[in-house]
There are 2 protein chains.
Amino acid sequence: MKSHIKANMKISQLAKTTNVASKTIRYYEEIGLLPEAYRNDNGYREYRASDIERLVFIRRCRELKIPLEQIKTLIAVQVDQKSSCQEVDALIAQQLEKVRTTIAELTMLEKTLHALATSCPNDKVGDCQILKNLQQE
Amino acid sequence: MKSHIKANMKISQLAKTTNVASKTIRYYEEIGLLPEAYRNDNGYREYRASDIERLVFIRRCRELKIPLEQIKTLIAVQVDQKSSCQEVDALIAQQLEKVRTTIAELTMLEKTLHALATSCPNDKVGDCQILKNLQQE
DNA sequence: AGTTGACCTTACTGTTACTGGAAGGTTTAT
DNA sequence: ATAAACCTTCCAGTAACAGTAAGGTCAACT
């Protein structure tokens with residue numbers, strides 16, 4: 001059961017509620033991730049409680065580093081309640097794969113940097129081991 | 001002992017040798033990471049063997065994800081052989097810290113994504129657990 | 001009534017480190 | 001002679017915003 005309160009609000013209220021900056025909300029609208037907001041007489045955007053949901057959904061996806069373009073896809077799929085959620089599964093799986101790959105890469109990078117960081121006992125640039133190591137092919 | 005061959009070359013030769021795209025080399029020159037290249041009569045850039053070193057240095061730094069601005073600093077420090085390499089140490093340590101932080105963040109992300117990926121046994125969007133989880137605050 | 005401060009609007013720029021492409025000049029090989 | 005393979009500069013695009021400017025609106029206080 002949804003709230004019976006019809007709580008219209010301006011952009012900064014929505015921003016506060018969802019923890020998404022006003023600027024970002026406008027940007028999402030601009031690129032079509034959010035539908036064009038209703039404008040009241042003075043031209044201000046006006047939002048209803050239901051707008052909160054979609055924005056929270058987007059924010060959650062962004063926390064998972066899902067690109068905006070893919071969030072668009074997720075939203076599109078969501079609209080058709082009867083469609084298969086295979087696409088959703090695949091997208092999340094793919095995102096997981098990307099994260100794992102990045103972790104693997106960064107772990108190797110960490111090793112290299114750690115080795116480098118502990119390689120120089122000198123204090124003059126002239127014989128700095130770090131710099132010498134960085135010269136190496 | 002350096003090579004005694006004075007091997008002048010054009011940009012694509014330098015690119016091949018250092019494994020840095022010609023386009024990228026021009027870009028580095030444009031932002032002042034590389035000095036302005038000597039031009040021969042037809043206006044083509046011409047490089048000597050010694051130019052390879054600096055570019056390899058830059059490439060190695062980039063492999064370590066060191067930002068171009070910081071590479072500028074490293075090169076500047078390098079020039080003065082007598083200066084302390086504290087700055088170099090600090091920069092590498094800082095880079096290591098950044099990588100470690102990112103790994104930690106991504107590891108948490110991986111957990112969340114993994115949990116999410118295995119949360120949906122259905123196949124209709126209407127009751128897709130993944131989407132429901134993404135709605136949650 | 002006037003003014004301050006806190007909102008709102010659009011539009012433009014900057015960020016990072018390149019990559020792609022257009023339009024045109026040069027060199028090399030056939 | 002001509003075509004392929006170079007080279008040049010310049011402009012646009014990428015991802016996801018953040019910063020700033022210039023200006024309109026609204027509520028409260030003096």
# chains A, B, ... in the order shown; residues from 1 in each chain; ligands from 1
>>> interface_residues(of="chain D", to="chain B", cutoff="12 Å", atoms="only C-alpha atoms (C1' of nucleotides)", output="number ranges by chain")
D: 5-9
>>> calpha_fit_and_write(fixed="chain A", moving="chain B", output="short mmCIF file (atom, residue, chain, number, x, y, z; two decimals) with N, CA and C atoms, in the first residue's frame")
data_model
loop_
_atom_site.label_atom_id
_atom_site.label_comp_id
_atom_site.auth_asym_id
_atom_site.auth_seq_id
_atom_site.Cartn_x
_atom_site.Cartn_y
_atom_site.Cartn_z
N MET B 1 1.37 -1.32 0.75
CA MET B 1 0.51 -0.14 0.67
C MET B 1 1.35 1.13 0.61
N LYS B 2 1.07 1.92 -0.42
CA LYS B 2 1.81 3.16 -0.57
C LYS B 2 1.28 4.24 0.36
N SER B 3 2.05 5.22 0.55
CA SER B 3 1.62 6.36 1.36
C SER B 3 0.41 7.02 0.69
N HIS B 4 -0.52 7.50 1.48
CA HIS B 4 -1.70 8.15 0.92
C HIS B 4 -1.49 9.65 0.75
N ILE B 5 -0.34 10.13 1.25
CA ILE B 5 -0.04 11.54 1.14
C ILE B 5 0.45 11.86 -0.27
N LYS B 6 -0.19 12.83 -0.89
CA LYS B 6 0.27 13.25 -2.21
C LYS B 6 1.27 14.39 -2.00
N ALA B 7 2.53 14.05 -1.98
CA ALA B 7 3.55 15.02 -1.59
C ALA B 7 4.30 15.55 -2.81
N ASN B 8 3.81 16.64 -3.37
CA ASN B 8 4.56 17.27 -4.45
C ASN B 8 5.77 17.98 -3.88
N MET B 9 6.81 18.00 -4.70
CA MET B 9 8.01 18.66 -4.18
C MET B 9 8.83 19.24 -5.32
N LYS B 10 9.70 20.15 -4.94
CA LYS B 10 10.60 20.74 -5.91
C LYS B 10 11.89 19.93 -5.96
N ILE B 11 12.72 20.28 -6.89
CA ILE B 11 13.88 19.45 -7.18
C ILE B 11 14.82 19.26 -5.99
N SER B 12 15.01 20.29 -5.19
CA SER B 12 15.97 20.14 -4.09
C SER B 12 15.44 19.21 -3.01
N GLN B 13 14.11 19.15 -2.90
CA GLN B 13 13.50 18.22 -1.95
C GLN B 13 13.72 16.79 -2.42
N LEU B 14 13.51 16.58 -3.71
CA LEU B 14 13.74 15.25 -4.29
C LEU B 14 15.22 14.87 -4.15
N ALA B 15 16.06 15.86 -4.36
CA ALA B 15 17.50 15.63 -4.25
C ALA B 15 17.86 15.16 -2.85
N LYS B 16 17.32 15.86 -1.86
CA LYS B 16 17.62 15.52 -0.47
C LYS B 16 17.11 14.11 -0.14
N THR B 17 15.88 13.85 -0.57
CA THR B 17 15.25 12.57 -0.26
C THR B 17 16.00 11.38 -0.88
N THR B 18 16.46 11.56 -2.10
CA THR B 18 17.09 10.44 -2.80
C THR B 18 18.61 10.45 -2.69
N ASN B 19 19.13 11.55 -2.18
CA ASN B 19 20.57 11.67 -2.11
C ASN B 19 21.23 11.73 -3.49
N VAL B 20 20.56 12.40 -4.38
CA VAL B 20 21.09 12.64 -5.73
C VAL B 20 21.03 14.15 -5.95
N ALA B 21 22.13 14.75 -6.33
CA ALA B 21 22.19 16.20 -6.49
C ALA B 21 21.19 16.72 -7.51
N SER B 22 20.63 17.91 -7.25
CA SER B 22 19.68 18.54 -8.17
C SER B 22 20.27 18.60 -9.57
N LYS B 23 21.48 18.98 -9.61
CA LYS B 23 22.18 19.09 -10.88
C LYS B 23 22.16 17.76 -11.64
N THR B 24 22.38 16.72 -10.91
CA THR B 24 22.41 15.38 -11.50
C THR B 24 21.02 14.97 -11.98
N ILE B 25 20.00 15.35 -11.21
CA ILE B 25 18.63 15.03 -11.60
C ILE B 25 18.30 15.70 -12.93
N ARG B 26 18.67 16.97 -13.04
CA ARG B 26 18.43 17.67 -14.31
C ARG B 26 19.18 17.00 -15.45
N TYR B 27 20.38 16.59 -15.16
CA TYR B 27 21.19 15.91 -16.17
C TYR B 27 20.53 14.60 -16.61
N TYR B 28 20.03 13.84 -15.68
CA TYR B 28 19.35 12.59 -16.01
C TYR B 28 18.14 12.85 -16.90
N GLU B 29 17.44 13.91 -16.61
CA GLU B 29 16.29 14.26 -17.44
C GLU B 29 16.76 14.62 -18.85
N GLU B 30 17.84 15.37 -18.90
CA GLU B 30 18.35 15.84 -20.19
C GLU B 30 18.73 14.68 -21.10
N ILE B 31 19.33 13.64 -20.52
CA ILE B 31 19.76 12.52 -21.36
C ILE B 31 18.66 11.46 -21.49
N GLY B 32 17.49 11.75 -20.94
CA GLY B 32 16.37 10.83 -21.14
C GLY B 32 16.34 9.64 -20.21
N LEU B 33 17.08 9.72 -19.13
CA LEU B 33 17.05 8.65 -18.15
C LEU B 33 15.83 8.84 -17.25
N LEU B 34 15.47 10.07 -17.04
CA LEU B 34 14.23 10.42 -16.35
C LEU B 34 13.30 11.07 -17.37
N PRO B 35 11.99 10.85 -17.23
CA PRO B 35 11.05 11.52 -18.13
C PRO B 35 11.05 13.02 -17.84
N GLU B 36 10.59 13.81 -18.79
CA GLU B 36 10.55 15.25 -18.57
C GLU B 36 9.63 15.55 -17.39
N ALA B 37 10.12 16.31 -16.48
CA ALA B 37 9.36 16.61 -15.27
C ALA B 37 8.21 17.56 -15.58
N TYR B 38 7.15 17.42 -14.81
CA TYR B 38 6.05 18.36 -14.90
C TYR B 38 6.54 19.73 -14.42
N ARG B 39 6.10 20.78 -15.09
CA ARG B 39 6.49 22.12 -14.66
C ARG B 39 5.27 22.85 -14.11
N ASN B 40 5.44 23.53 -13.03
CA ASN B 40 4.31 24.35 -12.56
C ASN B 40 4.40 25.75 -13.15
N ASP B 41 3.55 26.65 -12.72
CA ASP B 41 3.39 27.93 -13.40
C ASP B 41 4.67 28.74 -13.57
N ASN B 42 5.50 28.69 -12.57
CA ASN B 42 6.72 29.50 -12.68
C ASN B 42 7.85 28.79 -13.42
N GLY B 43 7.57 27.60 -13.93
CA GLY B 43 8.59 26.89 -14.70
C GLY B 43 9.43 25.93 -13.87
N TYR B 44 9.18 25.90 -12.58
CA TYR B 44 9.92 24.98 -11.71
C TYR B 44 9.47 23.54 -11.95
N ARG B 45 10.41 22.61 -11.88
CA ARG B 45 10.05 21.20 -11.98
C ARG B 45 9.32 20.79 -10.69
N GLU B 46 8.31 19.92 -10.89
CA GLU B 46 7.61 19.45 -9.71
C GLU B 46 7.56 17.93 -9.73
N TYR B 47 7.83 17.32 -8.59
CA TYR B 47 7.90 15.85 -8.52
C TYR B 47 6.89 15.30 -7.52
N ARG B 48 6.50 14.05 -7.77
CA ARG B 48 5.62 13.36 -6.83
C ARG B 48 6.40 12.24 -6.16
N ALA B 49 5.79 11.68 -5.15
CA ALA B 49 6.45 10.62 -4.37
C ALA B 49 6.92 9.48 -5.28
N SER B 50 6.13 9.19 -6.32
CA SER B 50 6.48 8.05 -7.18
C SER B 50 7.79 8.28 -7.95
N ASP B 51 8.16 9.53 -8.08
CA ASP B 51 9.41 9.82 -8.78
C ASP B 51 10.62 9.40 -7.96
N ILE B 52 10.40 9.31 -6.66
CA ILE B 52 11.49 8.92 -5.77
C ILE B 52 12.00 7.52 -6.13
N GLU B 53 11.06 6.63 -6.38
CA GLU B 53 11.43 5.24 -6.66
C GLU B 53 12.40 5.09 -7.81
N ARG B 54 12.03 5.71 -8.91
CA ARG B 54 12.90 5.55 -10.08
C ARG B 54 14.28 6.11 -9.81
N LEU B 55 14.32 7.21 -9.11
CA LEU B 55 15.62 7.84 -8.86
C LEU B 55 16.45 7.00 -7.90
N VAL B 56 15.80 6.40 -6.93
CA VAL B 56 16.52 5.52 -6.01
C VAL B 56 17.06 4.31 -6.77
N PHE B 57 16.24 3.81 -7.67
CA PHE B 57 16.68 2.70 -8.51
C PHE B 57 17.96 3.07 -9.27
N ILE B 58 17.91 4.23 -9.86
CA ILE B 58 19.08 4.69 -10.62
C ILE B 58 20.29 4.84 -9.71
N ARG B 59 20.06 5.42 -8.55
CA ARG B 59 21.18 5.64 -7.64
C ARG B 59 21.81 4.31 -7.21
N ARG B 60 20.95 3.33 -6.93
CA ARG B 60 21.44 2.01 -6.54
C ARG B 60 22.28 1.40 -7.67
N CYS B 61 21.78 1.53 -8.87
CA CYS B 61 22.53 1.02 -10.02
C CYS B 61 23.88 1.72 -10.15
N ARG B 62 23.87 3.01 -9.94
CA ARG B 62 25.13 3.76 -10.03
C ARG B 62 26.10 3.34 -8.94
N GLU B 63 25.58 3.03 -7.77
CA GLU B 63 26.45 2.55 -6.70
C GLU B 63 27.13 1.26 -7.14
N LEU B 64 26.42 0.52 -7.99
CA LEU B 64 26.98 -0.73 -8.52
C LEU B 64 27.79 -0.47 -9.79
N LYS B 65 28.02 0.80 -10.07
CA LYS B 65 28.82 1.22 -11.23
C LYS B 65 28.24 0.80 -12.56
N ILE B 66 26.95 0.60 -12.60
CA ILE B 66 26.32 0.27 -13.87
C ILE B 66 26.22 1.55 -14.69
N PRO B 67 26.73 1.53 -15.93
CA PRO B 67 26.71 2.73 -16.77
C PRO B 67 25.29 3.21 -17.04
N LEU B 68 25.14 4.51 -17.22
CA LEU B 68 23.83 5.10 -17.44
C LEU B 68 23.10 4.46 -18.62
N GLU B 69 23.81 4.15 -19.67
CA GLU B 69 23.18 3.55 -20.84
C GLU B 69 22.53 2.21 -20.49
N GLN B 70 23.19 1.46 -19.65
CA GLN B 70 22.65 0.16 -19.27
C GLN B 70 21.49 0.32 -18.30
N ILE B 71 21.53 1.36 -17.51
CA ILE B 71 20.40 1.64 -16.62
C ILE B 71 19.17 1.95 -17.46
N LYS B 72 19.37 2.65 -18.55
CA LYS B 72 18.26 2.90 -19.48
C LYS B 72 17.63 1.59 -19.91
N THR B 73 18.48 0.66 -20.26
CA THR B 73 17.99 -0.66 -20.68
C THR B 73 17.20 -1.32 -19.55
N LEU B 74 17.73 -1.30 -18.37
CA LEU B 74 17.05 -1.91 -17.23
C LEU B 74 15.67 -1.30 -17.02
N ILE B 75 15.59 0.00 -17.14
CA ILE B 75 14.32 0.67 -16.93
C ILE B 75 13.33 0.29 -18.03
N ALA B 76 13.83 0.21 -19.25
CA ALA B 76 12.96 -0.17 -20.37
C ALA B 76 12.41 -1.58 -20.15
N VAL B 77 13.26 -2.50 -19.73
CA VAL B 77 12.84 -3.88 -19.49
C VAL B 77 11.80 -3.93 -18.38
N GLN B 78 12.06 -3.14 -17.37
CA GLN B 78 11.20 -3.10 -16.20
C GLN B 78 9.75 -2.76 -16.53
N VAL B 79 9.60 -1.96 -17.54
CA VAL B 79 8.26 -1.47 -17.89
C VAL B 79 7.34 -2.61 -18.29
N ASP B 80 7.88 -3.55 -19.05
CA ASP B 80 7.06 -4.67 -19.49
C ASP B 80 7.14 -5.81 -18.48
N GLN B 81 6.14 -5.86 -17.63
CA GLN B 81 6.14 -6.81 -16.51
C GLN B 81 6.22 -8.27 -16.96
N LYS B 82 5.81 -8.53 -18.19
CA LYS B 82 5.74 -9.93 -18.63
C LYS B 82 7.01 -10.38 -19.35
N SER B 83 7.86 -9.44 -19.67
CA SER B 83 9.06 -9.83 -20.42
C SER B 83 10.01 -10.61 -19.52
N SER B 84 10.84 -11.39 -20.14
CA SER B 84 11.81 -12.20 -19.41
C SER B 84 12.86 -11.32 -18.75
N CYS B 85 13.35 -11.78 -17.61
CA CYS B 85 14.38 -10.96 -16.97
C CYS B 85 15.78 -11.48 -17.28
N GLN B 86 15.86 -12.26 -18.34
CA GLN B 86 17.18 -12.72 -18.80
C GLN B 86 18.15 -11.57 -19.01
N GLU B 87 17.63 -10.53 -19.60
CA GLU B 87 18.48 -9.39 -19.91
C GLU B 87 19.05 -8.78 -18.63
N VAL B 88 18.20 -8.72 -17.62
CA VAL B 88 18.63 -8.19 -16.33
C VAL B 88 19.74 -9.08 -15.76
N ASP B 89 19.48 -10.38 -15.75
CA ASP B 89 20.48 -11.32 -15.26
C ASP B 89 21.81 -11.13 -15.98
N ALA B 90 21.73 -11.08 -17.30
CA ALA B 90 22.94 -10.99 -18.11
C ALA B 90 23.71 -9.71 -17.80
N LEU B 91 22.95 -8.64 -17.64
CA LEU B 91 23.59 -7.35 -17.39
C LEU B 91 24.32 -7.34 -16.05
N ILE B 92 23.69 -7.90 -15.07
CA ILE B 92 24.32 -7.95 -13.74
C ILE B 92 25.54 -8.87 -13.77
N ALA B 93 25.38 -10.01 -14.44
CA ALA B 93 26.50 -10.95 -14.55
C ALA B 93 27.69 -10.30 -15.24
N GLN B 94 27.37 -9.57 -16.27
CA GLN B 94 28.41 -8.89 -17.03
C GLN B 94 29.11 -7.83 -16.18
N GLN B 95 28.32 -7.14 -15.41
CA GLN B 95 28.87 -6.12 -14.52
C GLN B 95 29.78 -6.77 -13.49
N LEU B 96 29.34 -7.90 -12.97
CA LEU B 96 30.13 -8.65 -12.00
C LEU B 96 31.46 -9.06 -12.62
N GLU B 97 31.40 -9.52 -13.86
CA GLU B 97 32.62 -9.92 -14.56
C GLU B 97 33.59 -8.75 -14.69
N LYS B 98 33.05 -7.62 -15.06
CA LYS B 98 33.89 -6.44 -15.24
C LYS B 98 34.58 -6.06 -13.94
N VAL B 99 33.82 -6.12 -12.87
CA VAL B 99 34.38 -5.76 -11.56
C VAL B 99 35.49 -6.74 -11.19
N ARG B 100 35.24 -8.02 -11.43
CA ARG B 100 36.25 -9.03 -11.10
C ARG B 100 37.52 -8.84 -11.92
N THR B 101 37.35 -8.55 -13.18
CA THR B 101 38.51 -8.31 -14.03
C THR B 101 39.32 -7.12 -13.53
N THR B 102 38.61 -6.07 -13.20
CA THR B 102 39.28 -4.87 -12.71
C THR B 102 40.04 -5.17 -11.41
N ILE B 103 39.41 -5.93 -10.53
CA ILE B 103 40.08 -6.28 -9.27
C ILE B 103 41.37 -7.05 -9.56
N ALA B 104 41.29 -7.98 -10.48
CA ALA B 104 42.48 -8.76 -10.83
C ALA B 104 43.59 -7.86 -11.35
N GLU B 105 43.22 -6.94 -12.22
CA GLU B 105 44.21 -6.02 -12.78
C GLU B 105 44.84 -5.16 -11.69
N LEU B 106 43.97 -4.64 -10.85
CA LEU B 106 44.48 -3.75 -9.80
C LEU B 106 45.33 -4.50 -8.79
N THR B 107 45.04 -5.76 -8.59
CA THR B 107 45.84 -6.55 -7.65
C THR B 107 47.26 -6.71 -8.18
N MET B 108 47.37 -6.92 -9.47
CA MET B 108 48.71 -7.00 -10.06
C MET B 108 49.41 -5.65 -9.96
N LEU B 109 48.65 -4.62 -10.22
CA LEU B 109 49.19 -3.27 -10.12
C LEU B 109 49.70 -3.00 -8.71
N GLU B 110 48.93 -3.42 -7.75
CA GLU B 110 49.30 -3.21 -6.35
C GLU B 110 50.64 -3.86 -6.06
N LYS B 111 50.82 -5.05 -6.54
CA LYS B 111 52.09 -5.75 -6.34
C LYS B 111 53.26 -4.96 -6.90
N THR B 112 53.08 -4.54 -8.14
CA THR B 112 54.14 -3.78 -8.80
C THR B 112 54.46 -2.51 -8.04
N LEU B 113 53.42 -1.80 -7.65
CA LEU B 113 53.63 -0.54 -6.94
C LEU B 113 54.29 -0.77 -5.59
N HIS B 114 53.89 -1.83 -4.93
CA HIS B 114 54.46 -2.13 -3.63
C HIS B 114 55.96 -2.44 -3.76
N ALA B 115 56.28 -3.25 -4.75
CA ALA B 115 57.69 -3.58 -5.01
C ALA B 115 58.47 -2.30 -5.30
N LEU B 116 57.86 -1.45 -6.10
CA LEU B 116 58.50 -0.20 -6.48
C LEU B 116 58.70 0.69 -5.25
N ALA B 117 57.69 0.79 -4.44
CA ALA B 117 57.72 1.69 -3.29
C ALA B 117 58.82 1.32 -2.30
N THR B 118 59.13 0.05 -2.23
CA THR B 118 60.13 -0.39 -1.26
C THR B 118 61.49 -0.61 -1.90
N SER B 119 61.63 -0.12 -3.13
CA SER B 119 62.88 -0.42 -3.86
C SER B 119 63.97 0.62 -3.70
N CYS B 120 63.63 1.77 -3.10
CA CYS B 120 64.63 2.84 -3.09
C CYS B 120 65.08 3.23 -1.68
N PRO B 121 66.32 2.88 -1.33
CA PRO B 121 66.86 3.21 -0.02
C PRO B 121 67.60 4.54 -0.02
N ASN B 122 67.75 5.13 -1.19
CA ASN B 122 68.53 6.36 -1.30
C ASN B 122 67.67 7.58 -1.06
N ASP B 123 68.33 8.74 -1.10
CA ASP B 123 67.49 9.92 -1.02
C ASP B 123 67.84 10.99 -2.05
N LYS B 124 68.75 10.64 -2.92
CA LYS B 124 69.02 11.59 -4.01
C LYS B 124 68.44 11.04 -5.31
N VAL B 125 67.84 11.94 -6.06
CA VAL B 125 67.21 11.54 -7.31
C VAL B 125 68.21 10.84 -8.23
N GLY B 126 69.44 11.27 -8.14
CA GLY B 126 70.48 10.72 -9.01
C GLY B 126 70.56 9.21 -8.99
N ASP B 127 70.42 8.63 -7.80
CA ASP B 127 70.45 7.17 -7.78
C ASP B 127 69.16 6.56 -7.21
N CYS B 128 68.07 7.21 -7.49
CA CYS B 128 66.78 6.71 -7.02
C CYS B 128 66.40 5.45 -7.79
N GLN B 129 66.21 4.39 -7.04
CA GLN B 129 65.88 3.11 -7.67
C GLN B 129 64.50 3.15 -8.34
N ILE B 130 63.61 3.86 -7.71
CA ILE B 130 62.26 3.95 -8.26
C ILE B 130 62.31 4.51 -9.69
N LEU B 131 63.01 5.62 -9.81
CA LEU B 131 63.10 6.23 -11.14
C LEU B 131 63.80 5.30 -12.13
N LYS B 132 64.81 4.62 -11.63
CA LYS B 132 65.51 3.69 -12.54
C LYS B 132 64.58 2.57 -12.99
N ASN B 133 63.82 2.07 -12.05
CA ASN B 133 62.89 1.00 -12.41
C ASN B 133 61.84 1.48 -13.42
N LEU B 134 61.47 2.72 -13.26
CA LEU B 134 60.46 3.26 -14.18
C LEU B 134 61.01 3.47 -15.59
N GLN B 135 62.32 3.53 -15.69
CA GLN B 135 62.94 3.67 -17.03
C GLN B 135 62.88 2.36 -17.79
N GLN B 136 62.87 1.27 -17.01
CA GLN B 136 62.96 -0.06 -17.62
C GLN B 136 61.77 -0.39 -18.50
N GLU B 137 62.09 -1.05 -19.56
CA GLU B 137 61.05 -1.52 -20.50
C GLU B 137 60.09 -2.49 -19.82
#
>>> select_by_dssp(residues="stretch 6-136 of chain B", states="strand (DSSP E)", output="JSON, numbers by chain")
{"B": [38, 39, 45, 46]}
>>> write_last_selection(atoms="all heavy atoms", output="CSV table (one decimal), in the first residue's frame")
chain,number,residue,atom,x,y,z
B,38,TYR,N,61.6,18.3,-32.7
B,38,TYR,CA,62.3,19.0,-33.8
B,38,TYR,C,61.5,18.7,-35.1
B,38,TYR,O,61.0,17.6,-35.3
B,38,TYR,CB,63.7,18.4,-33.9
B,38,TYR,CG,64.4,18.8,-35.2
B,38,TYR,CD1,65.0,20.1,-35.3
B,38,TYR,CD2,64.5,17.9,-36.3
B,38,TYR,CE1,65.7,20.4,-36.5
B,38,TYR,CE2,65.1,18.3,-37.4
B,38,TYR,CZ,65.7,19.6,-37.6
B,38,TYR,OH,66.3,19.9,-38.7
B,39,ARG,N,61.4,19.7,-36.0
B,39,ARG,CA,60.7,19.5,-37.3
B,39,ARG,C,61.7,19.5,-38.4
B,39,ARG,O,62.6,20.4,-38.4
B,39,ARG,CB,59.7,20.6,-37.5
B,39,ARG,CG,58.6,20.7,-36.4
B,39,ARG,CD,57.8,19.5,-36.2
B,39,ARG,NE,56.7,19.7,-35.2
B,39,ARG,CZ,55.5,19.8,-35.6
B,39,ARG,NH1,55.1,19.6,-36.8
B,39,ARG,NH2,54.6,20.0,-34.6
B,45,ARG,N,57.6,15.7,-37.6
B,45,ARG,CA,58.4,15.6,-36.4
B,45,ARG,C,59.5,14.6,-36.5
B,45,ARG,O,59.3,13.6,-37.2
B,45,ARG,CB,57.5,15.2,-35.2
B,45,ARG,CG,56.5,16.2,-34.7
B,45,ARG,CD,55.6,15.6,-33.7
B,45,ARG,NE,54.6,16.6,-33.2
B,45,ARG,CZ,53.5,17.0,-33.9
B,45,ARG,NH1,53.3,16.5,-35.1
B,45,ARG,NH2,52.7,17.9,-33.4
B,46,GLU,N,60.7,14.9,-35.9
B,46,GLU,CA,61.8,13.9,-36.0
B,46,GLU,C,62.3,13.7,-34.6
B,46,GLU,O,62.5,14.6,-33.8
B,46,GLU,CB,62.9,14.5,-36.9
B,46,GLU,CG,63.6,13.4,-37.6
B,46,GLU,CD,64.4,13.9,-38.9
B,46,GLU,OE1,63.7,14.3,-39.8
B,46,GLU,OE2,65.6,14.0,-38.8
>>> select_by_dssp(residues="chain B", states="helix (DSSP H, G or I)", output="PyMOL selection string")
chain B and resi 11-18+22-30+49-63+68-79+86-117+125-127+129-135
